[in-house]
$ cat start10.cif   # mmCIF, C-alpha atoms and all ligand atoms
data_entry
#
loop_
_atom_site.label_atom_id
_atom_site.label_comp_id
_atom_site.auth_asym_id
_atom_site.auth_seq_id
_atom_site.Cartn_x
_atom_site.Cartn_y
_atom_site.Cartn_z
CA MET A 1 100.34 -32.40 -25.65
CA ARG A 2 98.02 -29.87 -27.05
CA VAL A 3 94.28 -29.77 -26.41
CA LEU A 4 91.47 -27.63 -27.82
CA VAL A 5 88.71 -26.80 -25.33
CA VAL A 6 85.45 -25.83 -27.02
CA GLU A 7 83.01 -24.52 -24.43
CA ASP A 8 80.81 -21.41 -24.48
CA GLU A 9 80.27 -21.30 -20.70
CA LEU A 10 83.24 -19.12 -19.82
CA ALA A 11 83.51 -20.23 -16.19
CA LEU A 12 83.66 -23.89 -17.22
CA ALA A 13 86.08 -23.13 -20.06
CA GLU A 14 88.34 -21.35 -17.57
CA GLN A 15 88.11 -24.25 -15.11
CA LEU A 16 88.94 -26.75 -17.85
CA GLN A 17 91.90 -24.70 -19.02
CA GLN A 18 93.33 -24.48 -15.51
CA ALA A 19 92.95 -28.20 -14.79
CA LEU A 20 94.44 -29.17 -18.15
CA GLU A 21 97.39 -26.79 -17.84
CA GLN A 22 98.06 -28.16 -14.39
CA ALA A 23 98.10 -31.64 -15.93
CA GLY A 24 100.81 -30.54 -18.39
CA TYR A 25 98.72 -29.79 -21.48
CA VAL A 26 98.98 -26.78 -23.78
CA VAL A 27 95.45 -25.39 -24.05
CA ASP A 28 93.69 -23.43 -26.79
CA ARG A 29 90.10 -22.32 -26.29
CA ALA A 30 87.20 -21.68 -28.62
CA HIS A 31 83.89 -20.25 -27.41
CA ASP A 32 81.75 -20.77 -30.52
CA GLY A 33 81.41 -23.42 -33.19
CA ALA A 34 82.87 -21.41 -36.07
CA ASP A 35 86.07 -20.58 -34.19
CA ALA A 36 86.32 -24.19 -33.00
CA HIS A 37 85.88 -25.48 -36.54
CA TYR A 38 88.61 -23.17 -37.86
CA LYS A 39 91.12 -24.04 -35.11
CA GLY A 40 90.50 -27.78 -35.49
CA GLU A 41 91.11 -27.50 -39.23
CA VAL A 42 94.42 -25.64 -39.03
CA GLU A 43 96.03 -26.67 -35.72
CA PRO A 44 97.35 -30.15 -34.85
CA TYR A 45 95.59 -31.04 -31.58
CA ASP A 46 96.31 -34.26 -29.71
CA VAL A 47 92.79 -34.24 -28.33
CA VAL A 48 89.66 -32.02 -28.36
CA VAL A 49 87.03 -31.43 -25.67
CA LEU A 50 83.89 -30.38 -27.54
CA ASP A 51 80.70 -29.06 -25.97
CA LEU A 52 77.74 -29.77 -28.25
CA GLY A 53 75.52 -26.77 -27.40
CA LEU A 54 77.45 -23.88 -28.98
CA PRO A 55 76.61 -20.52 -30.55
CA VAL A 56 77.12 -19.84 -34.30
CA MET A 57 77.61 -23.52 -35.22
CA ASP A 58 76.59 -26.45 -33.01
CA GLY A 59 79.16 -29.00 -31.87
CA LEU A 60 77.76 -31.90 -33.91
CA THR A 61 78.10 -29.87 -37.12
CA VAL A 62 81.67 -28.92 -36.17
CA LEU A 63 82.53 -32.57 -35.55
CA ARG A 64 80.93 -33.76 -38.81
CA LYS A 65 82.83 -31.11 -40.78
CA TRP A 66 86.15 -32.12 -39.19
CA ARG A 67 85.60 -35.80 -39.95
CA ALA A 68 84.47 -35.05 -43.51
CA ALA A 69 87.75 -33.13 -43.94
CA GLN A 70 89.73 -36.15 -42.61
CA ARG A 71 90.61 -34.46 -39.31
CA THR A 72 91.11 -37.56 -37.18
CA MET A 73 92.19 -36.19 -33.78
CA PRO A 74 90.40 -37.82 -30.82
CA VAL A 75 87.31 -35.86 -29.74
CA LEU A 76 85.52 -36.11 -26.41
CA ILE A 77 82.06 -34.51 -26.45
CA LEU A 78 80.32 -32.89 -23.51
CA THR A 79 76.59 -33.56 -23.48
CA ALA A 80 73.72 -32.24 -21.38
CA ARG A 81 72.30 -34.49 -18.69
CA GLY A 82 69.45 -36.70 -19.84
CA ASN A 83 70.12 -36.06 -23.51
CA TRP A 84 70.95 -39.65 -24.42
CA ASP A 85 70.17 -39.08 -28.10
CA GLU A 86 72.97 -36.46 -28.18
CA LYS A 87 75.46 -39.16 -27.24
CA VAL A 88 74.26 -41.42 -30.03
CA SER A 89 74.38 -38.59 -32.59
CA GLY A 90 77.81 -37.56 -31.30
CA ILE A 91 79.28 -41.03 -31.61
CA ASP A 92 77.72 -41.41 -35.07
CA ALA A 93 79.31 -38.08 -36.04
CA GLY A 94 82.75 -39.38 -35.08
CA ALA A 95 83.18 -38.66 -31.36
CA ASP A 96 85.60 -41.00 -29.58
CA ASP A 97 84.14 -40.59 -26.11
CA TYR A 98 81.59 -38.51 -24.21
CA LEU A 99 80.97 -37.10 -20.74
CA THR A 100 77.67 -35.89 -19.34
CA LYS A 101 77.59 -32.54 -17.57
CA PRO A 102 78.19 -32.01 -14.73
CA PHE A 103 81.32 -34.16 -14.58
CA HIS A 104 84.29 -34.60 -12.28
CA MET A 105 87.48 -33.06 -13.61
CA GLU A 106 89.41 -36.20 -12.60
CA GLU A 107 87.18 -38.31 -14.84
CA LEU A 108 87.66 -35.94 -17.76
CA LEU A 109 91.45 -36.08 -17.32
CA ALA A 110 91.40 -39.89 -17.14
CA ARG A 111 89.32 -40.14 -20.31
CA LEU A 112 91.62 -37.75 -22.16
CA ARG A 113 94.65 -39.81 -21.11
CA ALA A 114 92.93 -42.92 -22.47
CA LEU A 115 92.17 -41.20 -25.79
CA ILE A 116 95.75 -39.96 -26.16
CA ARG A 117 97.09 -43.38 -25.21
CA ARG A 118 95.18 -45.00 -28.08
CA ASN A 119 96.98 -42.57 -30.40
CA SER A 120 100.43 -43.20 -28.95
CA THR A 121 102.92 -46.05 -28.99
CA HIS A 122 102.34 -46.82 -25.29
CA ALA A 123 99.84 -49.19 -23.68
CA SER A 124 99.40 -47.50 -20.30
CA ALA A 125 99.41 -44.11 -18.60
CA GLN A 126 103.11 -44.67 -17.79
CA TRP A 127 105.26 -44.16 -20.84
CA VAL A 128 108.50 -46.13 -20.58
CA CYS A 129 111.61 -45.62 -22.72
CA GLY A 130 114.26 -47.74 -21.01
CA PRO A 131 115.28 -45.91 -17.82
CA VAL A 132 113.09 -42.89 -18.65
CA VAL A 133 109.51 -43.11 -17.35
CA LEU A 134 106.89 -40.41 -17.91
CA ASP A 135 103.77 -40.66 -15.76
CA THR A 136 101.01 -38.89 -17.70
CA ARG A 137 98.75 -38.89 -14.62
CA ALA A 138 101.14 -36.92 -12.44
CA ALA A 139 102.93 -35.10 -15.32
CA ARG A 140 106.19 -36.38 -13.80
CA VAL A 141 109.34 -37.92 -15.23
CA THR A 142 111.83 -40.24 -13.57
CA VAL A 143 115.16 -41.65 -14.71
CA ASP A 144 116.09 -44.92 -12.99
CA GLY A 145 113.46 -44.07 -10.39
CA GLN A 146 114.90 -40.61 -9.64
CA ALA A 147 112.52 -37.69 -10.20
CA LEU A 148 113.62 -35.14 -12.82
CA THR A 149 113.02 -31.44 -12.37
CA LEU A 150 111.72 -30.11 -15.67
CA THR A 151 110.29 -26.77 -16.73
CA GLY A 152 106.84 -26.79 -18.36
CA HIS A 153 108.34 -26.45 -21.83
CA GLU A 154 110.92 -29.17 -21.23
CA TYR A 155 108.17 -31.49 -20.01
CA ARG A 156 106.02 -30.83 -23.06
CA VAL A 157 108.90 -31.39 -25.49
CA LEU A 158 109.80 -34.66 -23.79
CA ALA A 159 106.15 -35.77 -23.60
CA THR A 160 105.71 -35.13 -27.34
CA LEU A 161 108.84 -37.14 -28.14
CA MET A 162 107.87 -39.96 -25.78
CA GLN A 163 104.31 -40.09 -27.08
CA HIS A 164 105.83 -41.04 -30.44
CA ALA A 165 108.85 -42.95 -29.09
CA GLY A 166 110.90 -44.61 -31.81
CA GLN A 167 109.45 -42.28 -34.45
CA VAL A 168 110.97 -39.10 -35.84
CA VAL A 169 109.25 -35.90 -34.66
CA SER A 170 110.07 -32.76 -36.66
CA ARG A 171 110.96 -29.44 -35.05
CA THR A 172 107.77 -28.00 -36.53
CA ASP A 173 105.67 -30.74 -34.93
CA LEU A 174 107.39 -30.14 -31.60
CA THR A 175 106.80 -26.40 -31.84
CA GLU A 176 103.13 -26.92 -32.64
CA HIS A 177 102.65 -29.26 -29.69
CA ILE A 178 104.28 -27.17 -26.99
CA TYR A 179 102.86 -23.72 -27.67
CA ALA A 180 99.26 -22.50 -27.66
CA GLN A 181 97.97 -20.82 -30.82
CA ASP A 182 98.52 -17.21 -29.82
CA PHE A 183 102.06 -17.81 -28.60
CA ASP A 184 104.96 -16.28 -30.53
CA ARG A 185 106.59 -19.47 -31.83
CA ASP A 186 110.23 -19.86 -32.67
CA SER A 187 111.43 -23.33 -33.67
CA ASN A 188 115.00 -22.43 -32.66
CA THR A 189 113.90 -22.59 -29.03
CA ILE A 190 113.23 -26.31 -29.57
CA ASP A 191 116.97 -26.90 -29.93
CA VAL A 192 117.53 -25.10 -26.64
CA PHE A 193 114.96 -27.30 -24.86
CA ILE A 194 116.45 -30.44 -26.45
CA GLY A 195 119.92 -29.37 -25.26
CA ARG A 196 118.67 -28.91 -21.71
CA LEU A 197 116.78 -32.20 -21.74
CA ARG A 198 119.87 -34.06 -22.95
CA LYS A 199 121.80 -32.82 -19.91
CA LYS A 200 119.11 -34.31 -17.66
CA LEU A 201 118.52 -37.59 -19.53
CA PRO A 202 120.74 -40.65 -20.05
CA PRO A 203 123.15 -40.43 -23.02
CA GLY A 204 121.49 -41.29 -26.33
CA ALA A 205 117.94 -40.86 -25.02
CA ILE A 206 117.12 -38.19 -27.62
CA GLU A 207 118.57 -38.91 -31.06
CA THR A 208 119.05 -36.28 -33.75
CA VAL A 209 117.84 -37.38 -37.17
CA ARG A 210 119.63 -35.06 -39.56
CA GLY A 211 117.36 -32.86 -41.61
CA LEU A 212 114.22 -34.45 -40.14
CA GLY A 213 114.05 -33.83 -36.41
CA TYR A 214 114.44 -35.78 -33.19
CA ARG A 215 113.61 -39.29 -32.04
CA MET A 216 113.14 -40.65 -28.54
CA ASN A 217 115.17 -43.80 -28.07
CA THR A 218 112.97 -46.70 -26.92
CA PHE A 219 116.08 -48.47 -25.58
CA ASP A 220 114.50 -51.72 -26.83
CA GLN A 221 117.81 -53.27 -27.81
CA ALA A 222 119.63 -52.01 -24.73
CA ALA A 223 118.56 -54.94 -22.53
CA CA A 301 77.12 -24.97 -24.19
#

$ encode --input "start10.cif" --output "structure tokens"
Amino acid sequence: MRVLVVEDELALAEQLQQALEQAGYVVDRAHDGADAHYKGEVEPYDVVVLDLGLPVMDGLTVLRKWRAAQRTMPVLILTARGNWDEKVSGIDAGADDYLTKPFHMEELLARLRALIRRNSTHASAQWVCGPVVLDTRAARVTVDGQALTLTGHEYRVLATLMQHAGQVVSRTDLTEHIYAQDFDRDSNTIDVFIGRLRKKLPPGAIETVRGLGYRMNTFDQAA
């Protein structure tokens, strides 16, 4: 899952990036409104953390421009304490949730999980595809209750497939959701990660859809 962190306070941006990476996200950062606006227009983020007080272009303007351009990714805004009217304006501009600074990182992570969940095919923080269970809180995967050892990239590929379980995910989509913007991307590496995941997962868990991509088996008919 890929997240854009828009925050001009560098120490906080750094802290957010570390916590999110630890939670299994791929993180891009923007430190002003113009850069944020550009990245949000061209990159497919699963969720955005958007500070409202930003240089160059303020966060509300960024959000309004995204929504006017039909960019529908979930956005959580960060507002200053006591600025209740910012929350109202933010929600009117298309924010999906808000947090008041200062906040606890755990609360931010929980709110992001909830936003991503609304956009996925799963109803809870545990994503279940038959014997395969991905716990988005712990960034951990089990098969029949046994913990899997996955590299960061393997986890992110599997999480992207499981987020859209039962639906075809293209190699391009997978590539865009496992690498940050400045990473040298190569969609051939996706096939390598899929191959490794298949060795660790039950047979048939990841289906190849010829010419289109891959699909995570929901195992709905298996029972
Ligand atoms: Ca700020």

$ closest_residue --input "start10.cif" --among "A:Ser124, A:Gln22, A:Thr160, A:Thr100" --to "ligand CA 301 (chain A)" --atoms "all atoms listed in the file"
A:Thr100

$ residues_near_ligand --input "start10.cif" --ligand "ligand CA 301 (chain A)" --cutoff "9 Å" --atoms "all atoms listed in the file" --output "number ranges by chain"
A: 6-9, 31-32, 51-55, 58-59, 78-80

$ closest_residue --input "start10.cif" --among "A:Asp28, A:Asp191, A:Asp92, A:Glu43" --to "Ser170 of chain A" --atoms "all atoms listed in the file"
A:Asp191

$ closest_residue --input "start10.cif" --among "A:His104, A:Arg117, A:Arg215, A:Arg2" --to "Ile178 of chain A" --atoms "all atoms listed in the file"
A:Arg2

$ axis_aligned_box --input "start10.cif" --around "segment 52-67 of chain A" --padding-each-side "4 Å" --output "JSON"
{"center_x": 80.8, "center_y": -27.8, "center_z": -34.1, "size_x": 18.6, "size_y": 24.0, "size_z": 21.4}

$ atom_distance --input "start10.cif" --atom1 "atom CA of Ala165 of chain A" --atom2 "atom CA of Asn188 of chain A"
21.7 Å

$ residues_around --input "start10.cif" --residues "Tyr45 of chain A" --least-positions-apart "5" --cutoff "9 Å" --atoms "all atoms listed in the file" --output "PyMOL selection string"
chain A and resi 1-4+40+73-74+176-177

$ closest_residue --input "start10.cif" --among "A:Met216, A:His153, A:Leu158, A:Ala114" --to "Arg137 of chain A" --atoms "all atoms listed in the file"
A:Ala114

$ atom_distance --input "start10.cif" --atom1 "atom CA of Arg140 of chain A" --atom2 "atom CA of Val168 of chain A"
22.7 Å

$ residues_around --input "start10.cif" --residues "Val88 of chain A" --least-positions-apart "6" --cutoff "12 Å" --atoms "only C-alpha atoms" --output "PyMOL selection string"
chain A and resi 60+77+79+94-98

$ residues_around --input "start10.cif" --residues "Ser187 of chain A" --least-positions-apart "2" --cutoff "9 Å" --atoms "all atoms listed in the file" --output "VMD selection string"
chain A and resid 171 to 172 174 to 175 185 189 to 191

$ residues_around --input "start10.cif" --residues "Ile194 of chain A" --least-positions-apart "5" --cutoff "9 Å" --atoms "all atoms listed in the file" --output "PDB file with C-alpha atoms, in the coordinates of the input"
ATOM      1  CA  GLU A 154     110.920 -29.170 -21.230  1.00  0.00           C
ATOM      2  CA  VAL A 157     108.900 -31.390 -25.490  1.00  0.00           C
ATOM      3  CA  LEU A 158     109.800 -34.660 -23.790  1.00  0.00           C
ATOM      4  CA  THR A 189     113.900 -22.590 -29.030  1.00  0.00           C
ATOM      5  CA  LYS A 199     121.800 -32.820 -19.910  1.00  0.00           C
ATOM      6  CA  ILE A 206     117.120 -38.190 -27.620  1.00  0.00           C
ATOM      7  CA  TYR A 214     114.440 -35.780 -33.190  1.00  0.00           C
TER       8      TYR A 214
END

$ decode --input "start10.cif" --residues "segment 179-209 of chain A" --atoms "C-alpha atoms" --output "mmCIF file, in the first residue's frame"
data_model
loop_
_atom_site.group_PDB
_atom_site.id
_atom_site.type_symbol
_atom_site.label_atom_id
_atom_site.label_comp_id
_atom_site.auth_asym_id
_atom_site.auth_seq_id
_atom_site.Cartn_x
_atom_site.Cartn_y
_atom_site.Cartn_z
ATOM 1 C CA TYR A 179 7.689 1.193 -5.032
ATOM 2 C CA ALA A 180 8.025 4.824 -3.954
ATOM 3 C CA GLN A 181 8.129 7.461 -6.690
ATOM 4 C CA ASP A 182 11.883 7.863 -6.962
ATOM 5 C CA PHE A 183 12.537 4.130 -7.094
ATOM 6 C CA ASP A 184 13.848 2.596 -10.320
ATOM 7 C CA ARG A 185 10.842 0.462 -11.259
ATOM 8 C CA ASP A 186 10.961 -2.685 -13.306
ATOM 9 C CA SER A 187 7.713 -4.611 -13.746
ATOM 10 C CA ASN A 188 9.664 -7.815 -14.458
ATOM 11 C CA THR A 189 10.592 -7.943 -10.784
ATOM 12 C CA ILE A 190 6.877 -8.413 -10.029
ATOM 13 C CA ASP A 191 7.017 -11.853 -11.638
ATOM 14 C CA VAL A 192 9.959 -12.730 -9.411
ATOM 15 C CA PHE A 193 8.055 -11.673 -6.268
ATOM 16 C CA ILE A 194 4.954 -13.581 -7.425
ATOM 17 C CA GLY A 195 7.096 -16.686 -7.995
ATOM 18 C CA ARG A 196 8.541 -16.459 -4.489
ATOM 19 C CA LEU A 197 5.133 -15.839 -2.928
ATOM 20 C CA ARG A 198 3.674 -18.870 -4.702
ATOM 21 C CA LYS A 199 6.312 -21.079 -3.078
ATOM 22 C CA LYS A 200 5.195 -19.820 0.334
ATOM 23 C CA LEU A 201 1.421 -19.818 -0.230
ATOM 24 C CA PRO A 202 -1.071 -22.670 -0.748
ATOM 25 C CA PRO A 203 -1.424 -23.891 -4.365
ATOM 26 C CA GLY A 204 -3.765 -21.713 -6.422
ATOM 27 C CA ALA A 205 -3.654 -18.773 -4.012
ATOM 28 C CA ILE A 206 -2.356 -16.394 -6.695
ATOM 29 C CA GLU A 207 -3.943 -16.920 -10.102
ATOM 30 C CA THR A 208 -2.428 -15.690 -13.360
ATOM 31 C CA VAL A 209 -4.923 -13.970 -15.635
#
